[in-house]
Amino acid sequence: MQDLTLVMAQLDPLVGDIPGNAARAIEAVREARIEHGADIVVFPELFLSGYPPEDLLLRPSMETRLREARAVMAEKVSRDVLVIIGYPGVREGVCYNLAGILYNGQWEAEYAKQALPNYQVFDEQRYFAPGQQALVYEHKGARLGLLICEDLWEGTPVKAACAAGAEVLITLNASPYHQDKPGERLRLLEQRAAEAQRPIVYVNTIGGQDELVFDGGSGCVDASGQLKVLAPYWQAGLMPVQFLQQSADQWVPQPGEIEEDSTAEESLYCALVTGVRDYVNKSGFKGVVIGLSGGIDSALTLAIAVDALGPQRVQAVMMPYHYTADISRQDAAEQAELLGVHYEVMPIEPMVEAFMGTLAESFEGTERDTTEENLQSRCRGVLLMAISNKKGLMVLTTGNKSEMAVGYATLYGDMVGGITRLRMSIRPGFIVWHAGVTANLWPCPNG
């Protein structure tokens with residue numbers, strides 16, 4: 001009887017950085033071989049292009065760059081390691097969502113995703129044609145059936161892979177986070193494995209990409225659906241799965257590391273930290289700047305920013321006016337000191353008075369109303385954007401969802417920012433940035 005070591009490469013690609021993603025894959029295979037003795041290394045869905053590539057797929061140069069990257073991988077990837085990796089590809093004039101198999105310098109086979117999601121954030125039917133065939137590849141005595149993300153949720157491709165002789169099912173995924181999504185995935189894996197009577201390896205991507213965040217949680221269940229290995233959520237890394245051949249056609253995953261369950265609040269906080277960190281870093285900003293009021297909304301935003309980027313990359317600005325209470329000034333200063341960020345105080349009274357003086361003739365004969373109140377907020381927005389432009393810092397806004405719900409927000413004032421809101425509206429399958437959330441705070445992995 002034989003054994004196999006499969007390594008799940010739970011990594012964070014950058015959309016559009018095809019050479020960089022290929023280099024990450026090459027290095028990951030090298031590490032997996034050295035540290036874990038890997039026989040097989042599996043990467044997430046569309047890893048070489050990053051997910052979601054969207055209209056980049058419409059560029060004619062995309063296929064050329066992908067072929068060049070795959071040629072580099074064929075030359076440089078460690079020999080005697082089977083690599084399974086996701087990428088888009090044009091075949092006979094048709095674009096597919098593919099999983100390619102690389103072994104000993106040769107691209108041996110490709111599997112095209114059959115079930116293409118087209119709901120919520122997913123728009124794959126716009127770009128891809130569905131695959132029609134199962135793919136089973138034999139490596140060192142194990143017959144590996146490939147699947148890509150929605151194939152597992154839809155189910156029919158699982159049956160097709162089993163009918164084609166798969167003994168171990170391997171699925172490449174780019175599955176975005178939403179509240180309770182980790183539990184949903186584990187229940188799905190348990191169900192599909194029990195139905196197919198096959199072990200399933202589930203490899204998910206990690207990191208933030210615009211409004212989406214990916215939480216990882218790569219894992220493996222045995223043929224009965226029992227969880228054997230679970231990679232940490234919100235952490236990039238390599239996680240091995242050891243398989244033992246129990247009979248001629250039965251491979252059994254051995255018990256390995258299993259990440260402890262996290263609370264819903266902890267998971268949400270880590271999602272916020274991950275989304276901010278990757279949005280700022282992948283957009284090329286040096287750091288962030290925040291208008292700090294002394295209230296709970298901006299305090300939470302500051303904590304998220306520090307956990308995401310470190311205090312040295314965060315600037316906080318207190319912009320008081322006549323009505324700013326002393327306690328607000330004191331609280332803002334204390335928050336900045338506790339978190340160790342650069343802190344400045346910029347009174348806005350001269351700016352507001354200058355605006356009011358300029359507008360005096362135009363406003364003559366009118367009553368004072370929210371217009372004058374909104375000027376305060378807009379002055380603060382001007383200051384924050386000026387700091388952003390000069391220093392290369394992204395502005396993080398600090399409003400909360402309750403304020404937004406009742407319209408208590410000023411356009412071009414407290415709505416100014418590179419990330420519109422720092423709270424997620426949780427809906428099945430996706431995340432959009434909204435207003436601040438009040439919750440207990442945890443240190444987040446990679447924060």
# chains A, B, ... in the order shown; residues from 1 in each chain; ligands from 1
$ residues_around --residues "Ala332 (chain A)" --least-positions-apart "3" --cutoff "12 Å" --atoms "only C-alpha atoms" --output "JSON, numbers by chain"
{"A": [290, 291, 292, 293, 294, 295, 296, 297, 298, 299, 300, 302, 316, 317, 318, 319, 320, 324, 325, 326, 327, 328, 329, 335, 336, 337, 338, 339, 341, 342, 343, 344, 345]}
$ residues_around --residues "Ile348 (chain A)" --least-positions-apart "5" --cutoff "12 Å" --atoms "only C-alpha atoms" --output "short mmCIF file (atom, residue, chain, number, x, y, z; two decimals) with C-alpha atoms, in the first residue's frame"
data_model
loop_
_atom_site.label_atom_id
_atom_site.label_comp_id
_atom_site.auth_asym_id
_atom_site.auth_seq_id
_atom_site.Cartn_x
_atom_site.Cartn_y
_atom_site.Cartn_z
CA VAL A 317 -6.88 63.73 12.44
CA MET A 318 -9.12 65.50 14.97
CA MET A 319 -10.91 68.45 13.31
CA PRO A 320 -12.81 70.32 16.07
CA TYR A 321 -15.32 73.14 15.66
CA HIS A 322 -17.22 75.35 18.14
CA TYR A 323 -19.55 72.54 19.12
CA THR A 324 -16.92 69.86 19.67
CA GLU A 353 -15.96 81.05 8.57
CA ALA A 354 -14.25 81.63 5.21
CA PHE A 355 -16.93 79.62 3.43
CA LEU A 375 -20.31 72.88 5.72
CA GLN A 376 -18.48 71.61 8.80
CA SER A 377 -18.47 68.07 7.50
CA ARG A 378 -17.43 69.17 4.02
CA CYS A 379 -14.52 71.17 5.40
CA ARG A 380 -13.33 68.04 7.16
CA GLY A 381 -13.66 66.09 3.90
CA VAL A 382 -11.51 68.66 2.08
CA LEU A 383 -8.77 68.37 4.70
CA LEU A 384 -8.77 64.56 4.64
#
$ residues_around --residues "region 391-403 of chain A" --least-positions-apart "4" --cutoff "6 Å" --atoms "only C-alpha atoms" --output "PyMOL selection string"
chain A and resi 285-290+297-298+387+408+417-419+421+435-436
$ closest_residue --among "A:Gln120, A:Gln191, A:Gln10, A:Thr5" --to "Val81 (chain A)" --atoms "only C-alpha atoms"
A:Thr5
$ atom_distance --atom1 "CA of Phe214 (chain A)" --atom2 "CA of Ala9 (chain A)"
13.9 Å
